[in-house]
file upload05.pdb (PDB, N, CA and C atoms)
ATOM      1  N   MET J   1      86.272  83.529 111.266
ATOM      2  CA  MET J   1      86.466  84.817 110.635
ATOM      3  C   MET J   1      87.940  84.976 110.282
ATOM      4  N   ALA J   2      88.209  85.342 109.048
ATOM      5  CA  ALA J   2      89.582  85.528 108.583
ATOM      6  C   ALA J   2      90.077  86.927 108.940
ATOM      7  N   LEU J   3      91.345  87.005 109.267
ATOM      8  CA  LEU J   3      91.951  88.308 109.544
ATOM      9  C   LEU J   3      92.256  89.030 108.246
ATOM     10  N   GLN J   4      92.162  90.342 108.294
ATOM     11  CA  GLN J   4      92.519  91.177 107.147
ATOM     12  C   GLN J   4      93.542  92.203 107.608
ATOM     13  N   ARG J   5      94.459  92.549 106.701
ATOM     14  CA  ARG J   5      95.434  93.581 107.024
ATOM     15  C   ARG J   5      94.749  94.928 107.123
ATOM     16  N   GLY J   6      95.071  95.641 108.172
ATOM     17  CA  GLY J   6      94.590  97.004 108.343
ATOM     18  C   GLY J   6      95.681  97.989 107.966
ATOM     19  N   ARG J   7      95.715  99.089 108.678
ATOM     20  CA  ARG J   7      96.662 100.166 108.402
ATOM     21  C   ARG J   7      98.096  99.729 108.699
ATOM     22  N   CYS J   8      99.011 100.202 107.868
ATOM     23  CA  CYS J   8     100.439  99.938 108.043
ATOM     24  C   CYS J   8     100.952 100.685 109.272
ATOM     25  N   ARG J   9     101.804 100.038 110.049
ATOM     26  CA  ARG J   9     102.341 100.613 111.281
ATOM     27  C   ARG J   9     103.780 101.108 111.138
ATOM     28  N   LEU J  10     104.278 101.221 109.905
ATOM     29  CA  LEU J  10     105.676 101.621 109.721
ATOM     30  C   LEU J  10     106.005 102.930 110.420
ATOM     31  N   ASP J  11     105.119 103.911 110.330
ATOM     32  CA  ASP J  11     105.400 105.202 110.973
ATOM     33  C   ASP J  11     105.697 105.020 112.451
ATOM     34  N   GLU J  12     104.956 104.163 113.117
ATOM     35  CA  GLU J  12     105.169 103.903 114.543
ATOM     36  C   GLU J  12     106.459 103.126 114.790
ATOM     37  N   LEU J  13     106.730 102.170 113.919
ATOM     38  CA  LEU J  13     107.833 101.241 114.148
ATOM     39  C   LEU J  13     109.192 101.775 113.723
ATOM     40  N   LEU J  14     109.211 102.788 112.862
ATOM     41  CA  LEU J  14     110.491 103.333 112.415
ATOM     42  C   LEU J  14     111.240 104.014 113.559
ATOM     43  N   GLY J  15     110.508 104.511 114.544
ATOM     44  CA  GLY J  15     111.167 105.184 115.657
ATOM     45  C   GLY J  15     111.994 106.351 115.131
ATOM     46  N   GLY J  16     113.273 106.367 115.444
ATOM     47  CA  GLY J  16     114.162 107.430 114.993
ATOM     48  C   GLY J  16     114.808 107.170 113.654
ATOM     49  N   LEU J  17     114.488 106.042 113.037
ATOM     50  CA  LEU J  17     115.075 105.688 111.746
ATOM     51  C   LEU J  17     114.379 106.471 110.638
ATOM     52  N   ALA J  18     115.136 107.239 109.884
ATOM     53  CA  ALA J  18     114.568 108.030 108.793
ATOM     54  C   ALA J  18     114.037 107.101 107.694
ATOM     55  N   PRO J  19     112.908 107.453 107.097
ATOM     56  CA  PRO J  19     112.383 106.630 105.997
ATOM     57  C   PRO J  19     113.392 106.416 104.875
ATOM     58  N   ALA J  20     114.207 107.423 104.590
ATOM     59  CA  ALA J  20     115.225 107.280 103.534
ATOM     60  C   ALA J  20     116.254 106.213 103.906
ATOM     61  N   GLU J  21     116.661 106.179 105.171
ATOM     62  CA  GLU J  21     117.620 105.167 105.631
ATOM     63  C   GLU J  21     116.982 103.786 105.626
ATOM     64  N   PHE J  22     115.729 103.717 106.037
ATOM     65  CA  PHE J  22     115.009 102.446 105.999
ATOM     66  C   PHE J  22     114.934 101.933 104.565
ATOM     67  N   ALA J  23     114.605 102.816 103.624
ATOM     68  CA  ALA J  23     114.530 102.431 102.205
ATOM     69  C   ALA J  23     115.882 101.914 101.723
ATOM     70  N   ARG J  24     116.957 102.591 102.109
ATOM     71  CA  ARG J  24     118.295 102.155 101.704
ATOM     72  C   ARG J  24     118.589 100.755 102.233
ATOM     73  N   ARG J  25     118.281 100.520 103.512
ATOM     74  CA  ARG J  25     118.527  99.199 104.105
ATOM     75  C   ARG J  25     117.665  98.124 103.459
ATOM     76  N   MET J  26     116.457  98.501 103.050
ATOM     77  CA  MET J  26     115.553  97.549 102.391
ATOM     78  C   MET J  26     115.937  97.299 100.938
ATOM     79  N   GLY J  27     116.700  98.221 100.352
ATOM     80  CA  GLY J  27     117.062  98.099  98.942
ATOM     81  C   GLY J  27     115.918  98.480  98.019
ATOM     82  N   VAL J  28     115.073  99.425  98.472
ATOM     83  CA  VAL J  28     113.942  99.892  97.665
ATOM     84  C   VAL J  28     114.000 101.412  97.559
ATOM     85  N   ASN J  29     113.224 101.966  96.647
ATOM     86  CA  ASN J  29     113.129 103.408  96.517
ATOM     87  C   ASN J  29     112.360 103.999  97.689
ATOM     88  N   GLU J  30     112.658 105.254  97.998
ATOM     89  CA  GLU J  30     111.914 105.944  99.045
ATOM     90  C   GLU J  30     110.430 106.006  98.712
ATOM     91  N   SER J  31     110.107 106.094  97.420
ATOM     92  CA  SER J  31     108.698 106.152  97.020
ATOM     93  C   SER J  31     107.966 104.861  97.377
ATOM     94  N   THR J  32     108.660 103.745  97.345
ATOM     95  CA  THR J  32     108.049 102.474  97.742
ATOM     96  C   THR J  32     107.698 102.503  99.224
ATOM     97  N   VAL J  33     108.615 102.980 100.044
ATOM     98  CA  VAL J  33     108.357 103.085 101.481
ATOM     99  C   VAL J  33     107.197 104.042 101.726
ATOM    100  N   SER J  34     107.167 105.140 100.999
ATOM    101  CA  SER J  34     106.071 106.105 101.140
ATOM    102  C   SER J  34     104.730 105.464 100.801
ATOM    103  N   ARG J  35     104.697 104.649  99.757
ATOM    104  CA  ARG J  35     103.450 103.961  99.373
ATOM    105  C   ARG J  35     103.023 102.950 100.429
ATOM    106  N   TRP J  36     103.977 102.260 101.032
ATOM    107  CA  TRP J  36     103.644 101.337 102.122
ATOM    108  C   TRP J  36     103.065 102.103 103.296
ATOM    109  N   ARG J  37     103.741 103.206 103.658
ATOM    110  CA  ARG J  37     103.308 103.991 104.826
ATOM    111  C   ARG J  37     101.920 104.583 104.630
ATOM    112  N   SER J  38     101.603 105.007 103.420
ATOM    113  CA  SER J  38     100.304 105.641 103.154
ATOM    114  C   SER J  38      99.190 104.626 102.946
ATOM    115  N   GLY J  39      99.551 103.363 102.752
ATOM    116  CA  GLY J  39      98.556 102.334 102.483
ATOM    117  C   GLY J  39      98.224 102.190 101.011
ATOM    118  N   GLU J  40      98.930 102.928 100.171
ATOM    119  CA  GLU J  40      98.703 102.831  98.721
ATOM    120  C   GLU J  40      99.101 101.453  98.195
ATOM    121  N   ARG J  41     100.124 100.858  98.815
ATOM    122  CA  ARG J  41     100.586  99.521  98.441
ATOM    123  C   ARG J  41     100.780  98.693  99.700
ATOM    124  N   LEU J  42     100.614  97.385  99.557
ATOM    125  CA  LEU J  42     100.906  96.449 100.642
ATOM    126  C   LEU J  42     102.295  95.857 100.430
ATOM    127  N   MET J  43     102.973  95.582 101.516
ATOM    128  CA  MET J  43     104.271  94.919 101.408
ATOM    129  C   MET J  43     104.072  93.473 100.999
ATOM    130  N   SER J  44     104.987  92.972 100.195
ATOM    131  CA  SER J  44     104.998  91.539  99.924
ATOM    132  C   SER J  44     105.438  90.831 101.203
ATOM    133  N   TYR J  45     105.208  89.557 101.255
ATOM    134  CA  TYR J  45     105.636  88.784 102.421
ATOM    135  C   TYR J  45     107.146  88.911 102.615
ATOM    136  N   GLU J  46     107.893  88.811 101.513
ATOM    137  CA  GLU J  46     109.346  88.890 101.590
ATOM    138  C   GLU J  46     109.800  90.247 102.124
ATOM    139  N   SER J  47     109.165  91.315 101.662
ATOM    140  CA  SER J  47     109.517  92.654 102.140
ATOM    141  C   SER J  47     109.162  92.811 103.611
ATOM    142  N   ALA J  48     108.036  92.265 104.020
ATOM    143  CA  ALA J  48     107.625  92.358 105.422
ATOM    144  C   ALA J  48     108.610  91.632 106.326
ATOM    145  N   VAL J  49     109.076  90.479 105.917
ATOM    146  CA  VAL J  49     110.045  89.724 106.724
ATOM    147  C   VAL J  49     111.360  90.496 106.817
ATOM    148  N   GLU J  50     111.799  91.071 105.704
ATOM    149  CA  GLU J  50     113.037  91.856 105.721
ATOM    150  C   GLU J  50     112.874  93.110 106.578
ATOM    151  N   ALA J  51     111.747  93.795 106.442
ATOM    152  CA  ALA J  51     111.478  95.001 107.239
ATOM    153  C   ALA J  51     111.467  94.658 108.722
ATOM    154  N   ALA J  52     110.844  93.556 109.059
ATOM    155  CA  ALA J  52     110.778  93.138 110.458
ATOM    156  C   ALA J  52     112.176  92.873 111.016
ATOM    157  N   ALA J  53     113.031  92.268 110.227
ATOM    158  CA  ALA J  53     114.403  92.011 110.674
ATOM    159  C   ALA J  53     115.139  93.326 110.933
ATOM    160  N   ILE J  54     114.930  94.303 110.063
ATOM    161  CA  ILE J  54     115.578  95.608 110.224
ATOM    162  C   ILE J  54     115.045  96.331 111.457
ATOM    163  N   LEU J  55     113.740  96.235 111.679
ATOM    164  CA  LEU J  55     113.095  96.982 112.761
ATOM    165  C   LEU J  55     113.061  96.233 114.093
ATOM    166  N   GLY J  56     113.472  94.976 114.083
ATOM    167  CA  GLY J  56     113.496  94.203 115.323
ATOM    168  C   GLY J  56     112.111  93.831 115.823
ATOM    169  N   CYS J  57     111.231  93.471 114.902
ATOM    170  CA  CYS J  57     109.875  93.070 115.279
ATOM    171  C   CYS J  57     109.489  91.847 114.445
ATOM    172  N   HIS J  58     108.243  91.453 114.522
ATOM    173  CA  HIS J  58     107.730  90.351 113.714
ATOM    174  C   HIS J  58     107.008  90.920 112.496
ATOM    175  N   ALA J  59     106.977  90.174 111.416
ATOM    176  CA  ALA J  59     106.335  90.642 110.187
ATOM    177  C   ALA J  59     104.876  91.029 110.431
ATOM    178  N   GLU J  60     104.186  90.279 111.279
ATOM    179  CA  GLU J  60     102.775  90.593 111.517
ATOM    180  C   GLU J  60     102.585  91.895 112.306
ATOM    181  N   ASP J  61     103.673  92.387 112.928
ATOM    182  CA  ASP J  61     103.608  93.659 113.660
ATOM    183  C   ASP J  61     103.568  94.875 112.725
ATOM    184  N   LEU J  62     103.841  94.679 111.456
ATOM    185  CA  LEU J  62     103.921  95.802 110.515
ATOM    186  C   LEU J  62     102.566  96.350 110.118
ATOM    187  N   TYR J  63     101.494  95.624 110.425
ATOM    188  CA  TYR J  63     100.141  96.051 110.091
ATOM    189  C   TYR J  63      99.229  95.842 111.295
ATOM    190  N   TYR J  64      98.203  96.647 111.378
ATOM    191  CA  TYR J  64      97.109  96.341 112.286
ATOM    192  C   TYR J  64      96.304  95.235 111.612
ATOM    193  N   TRP J  65      95.747  94.340 112.398
ATOM    194  CA  TRP J  65      94.946  93.223 111.867
ATOM    195  C   TRP J  65      93.524  93.373 112.363
ATOM    196  N   ILE J  66      92.585  93.272 111.431
ATOM    197  CA  ILE J  66      91.173  93.449 111.772
ATOM    198  C   ILE J  66      90.379  92.235 111.365
TER     199      ILE J  66
END

call {"tool": "encode", "arguments": {"input": "upload05.pdb", "output": "structure tokens"}}
result
Amino acid sequence: MALQRGRCRLDELLGGLAPAEFARRMGVNESTVSRWRSGERLMSYESAVEAAAILGCHAEDLYYWI
């Protein structure tokens, strides 16, 4: 059985980091972060790796896996 990406965990992983600050560090618009958080868009692999580096986690931690 193949794993599928579930819900994005950014809200949990941001901790005290404001979404606007996270967007600035990622070099993306706040609307992009909002779309990731809502599940409207999936992060690219490159964005997930960069986000994980900023948040101090692994790229696979950014989503629930089902």

call {"tool": "select_by_dssp", "arguments": {"input": "upload05.pdb", "residues": "chain J", "states": "strand (DSSP E)", "output": "ChimeraX atom specification"}}
result
/J:5-8,63-65

call {"tool": "resolve_selection", "arguments": {"input": "upload05.pdb", "expression": "the PyMOL selection byres ((chain J and resi 12-26) around 8)", "output": "number ranges by chain"}}
result
J: 8-11, 27-34, 47, 50-51, 54-55, 61-62

call {"tool": "write_last_selection", "arguments": {"input": "upload05.pdb", "atoms": "N, CA and C atoms", "output": "PDB file, in the frame of the given file"}}
result
ATOM      1  N   CYS J   8      99.011 100.202 107.868  1.00  0.00           N
ATOM      2  CA  CYS J   8     100.439  99.938 108.043  1.00  0.00           C
ATOM      3  C   CYS J   8     100.952 100.685 109.272  1.00  0.00           C
ATOM      4  N   ARG J   9     101.804 100.038 110.049  1.00  0.00           N
ATOM      5  CA  ARG J   9     102.341 100.613 111.281  1.00  0.00           C
ATOM      6  C   ARG J   9     103.780 101.108 111.138  1.00  0.00           C
ATOM      7  N   LEU J  10     104.278 101.221 109.905  1.00  0.00           N
ATOM      8  CA  LEU J  10     105.676 101.621 109.721  1.00  0.00           C
ATOM      9  C   LEU J  10     106.005 102.930 110.420  1.00  0.00           C
ATOM     10  N   ASP J  11     105.119 103.911 110.330  1.00  0.00           N
ATOM     11  CA  ASP J  11     105.400 105.202 110.973  1.00  0.00           C
ATOM     12  C   ASP J  11     105.697 105.020 112.451  1.00  0.00           C
ATOM     13  N   GLY J  27     116.700  98.221 100.352  1.00  0.00           N
ATOM     14  CA  GLY J  27     117.062  98.099  98.942  1.00  0.00           C
ATOM     15  C   GLY J  27     115.918  98.480  98.019  1.00  0.00           C
ATOM     16  N   VAL J  28     115.073  99.425  98.472  1.00  0.00           N
ATOM     17  CA  VAL J  28     113.942  99.892  97.665  1.00  0.00           C
ATOM     18  C   VAL J  28     114.000 101.412  97.559  1.00  0.00           C
ATOM     19  N   ASN J  29     113.224 101.966  96.647  1.00  0.00           N
ATOM     20  CA  ASN J  29     113.129 103.408  96.517  1.00  0.00           C
ATOM     21  C   ASN J  29     112.360 103.999  97.689  1.00  0.00           C
ATOM     22  N   GLU J  30     112.658 105.254  97.998  1.00  0.00           N
ATOM     23  CA  GLU J  30     111.914 105.944  99.045  1.00  0.00           C
ATOM     24  C   GLU J  30     110.430 106.006  98.712  1.00  0.00           C
ATOM     25  N   SER J  31     110.107 106.094  97.420  1.00  0.00           N
ATOM     26  CA  SER J  31     108.698 106.152  97.020  1.00  0.00           C
ATOM     27  C   SER J  31     107.966 104.861  97.377  1.00  0.00           C
ATOM     28  N   THR J  32     108.660 103.745  97.345  1.00  0.00           N
ATOM     29  CA  THR J  32     108.049 102.474  97.742  1.00  0.00           C
ATOM     30  C   THR J  32     107.698 102.503  99.224  1.00  0.00           C
ATOM     31  N   VAL J  33     108.615 102.980 100.044  1.00  0.00           N
ATOM     32  CA  VAL J  33     108.357 103.085 101.481  1.00  0.00           C
ATOM     33  C   VAL J  33     107.197 104.042 101.726  1.00  0.00           C
ATOM     34  N   SER J  34     107.167 105.140 100.999  1.00  0.00           N
ATOM     35  CA  SER J  34     106.071 106.105 101.140  1.00  0.00           C
ATOM     36  C   SER J  34     104.730 105.464 100.801  1.00  0.00           C
ATOM     37  N   SER J  47     109.165  91.315 101.662  1.00  0.00           N
ATOM     38  CA  SER J  47     109.517  92.654 102.140  1.00  0.00           C
ATOM     39  C   SER J  47     109.162  92.811 103.611  1.00  0.00           C
ATOM     40  N   GLU J  50     111.799  91.071 105.704  1.00  0.00           N
ATOM     41  CA  GLU J  50     113.037  91.856 105.721  1.00  0.00           C
ATOM     42  C   GLU J  50     112.874  93.110 106.578  1.00  0.00           C
ATOM     43  N   ALA J  51     111.747  93.795 106.442  1.00  0.00           N
ATOM     44  CA  ALA J  51     111.478  95.001 107.239  1.00  0.00           C
ATOM     45  C   ALA J  51     111.467  94.658 108.722  1.00  0.00           C
ATOM     46  N   ILE J  54     114.930  94.303 110.063  1.00  0.00           N
ATOM     47  CA  ILE J  54     115.578  95.608 110.224  1.00  0.00           C
ATOM     48  C   ILE J  54     115.045  96.331 111.457  1.00  0.00           C
ATOM     49  N   LEU J  55     113.740  96.235 111.679  1.00  0.00           N
ATOM     50  CA  LEU J  55     113.095  96.982 112.761  1.00  0.00           C
ATOM     51  C   LEU J  55     113.061  96.233 114.093  1.00  0.00           C
ATOM     52  N   ASP J  61     103.673  92.387 112.928  1.00  0.00           N
ATOM     53  CA  ASP J  61     103.608  93.659 113.660  1.00  0.00           C
ATOM     54  C   ASP J  61     103.568  94.875 112.725  1.00  0.00           C
ATOM     55  N   LEU J  62     103.841  94.679 111.456  1.00  0.00           N
ATOM     56  CA  LEU J  62     103.921  95.802 110.515  1.00  0.00           C
ATOM     57  C   LEU J  62     102.566  96.350 110.118  1.00  0.00           C
TER      58      LEU J  62
END

call {"tool": "select_by_dssp", "arguments": {"input": "upload05.pdb", "residues": "chain J", "states": "alpha helix (DSSP H)", "output": "ChimeraX atom specification"}}
result
/J:10-13,19-26,30-38,45-55

call {"tool": "closest_residue", "arguments": {"input": "upload05.pdb", "among": "J:Ala2, J:Trp36, J:Val49, J:Arg7", "to": "Tyr63 (chain J)", "atoms": "only C-alpha atoms"}}
result
J:Arg7

call {"tool": "closest_residue", "arguments": {"input": "upload05.pdb", "among": "J:Glu40, J:Glu46, J:Ala52, J:Tyr64", "to": "Gln4 (chain J)", "atoms": "only C-alpha atoms"}}
result
J:Tyr64
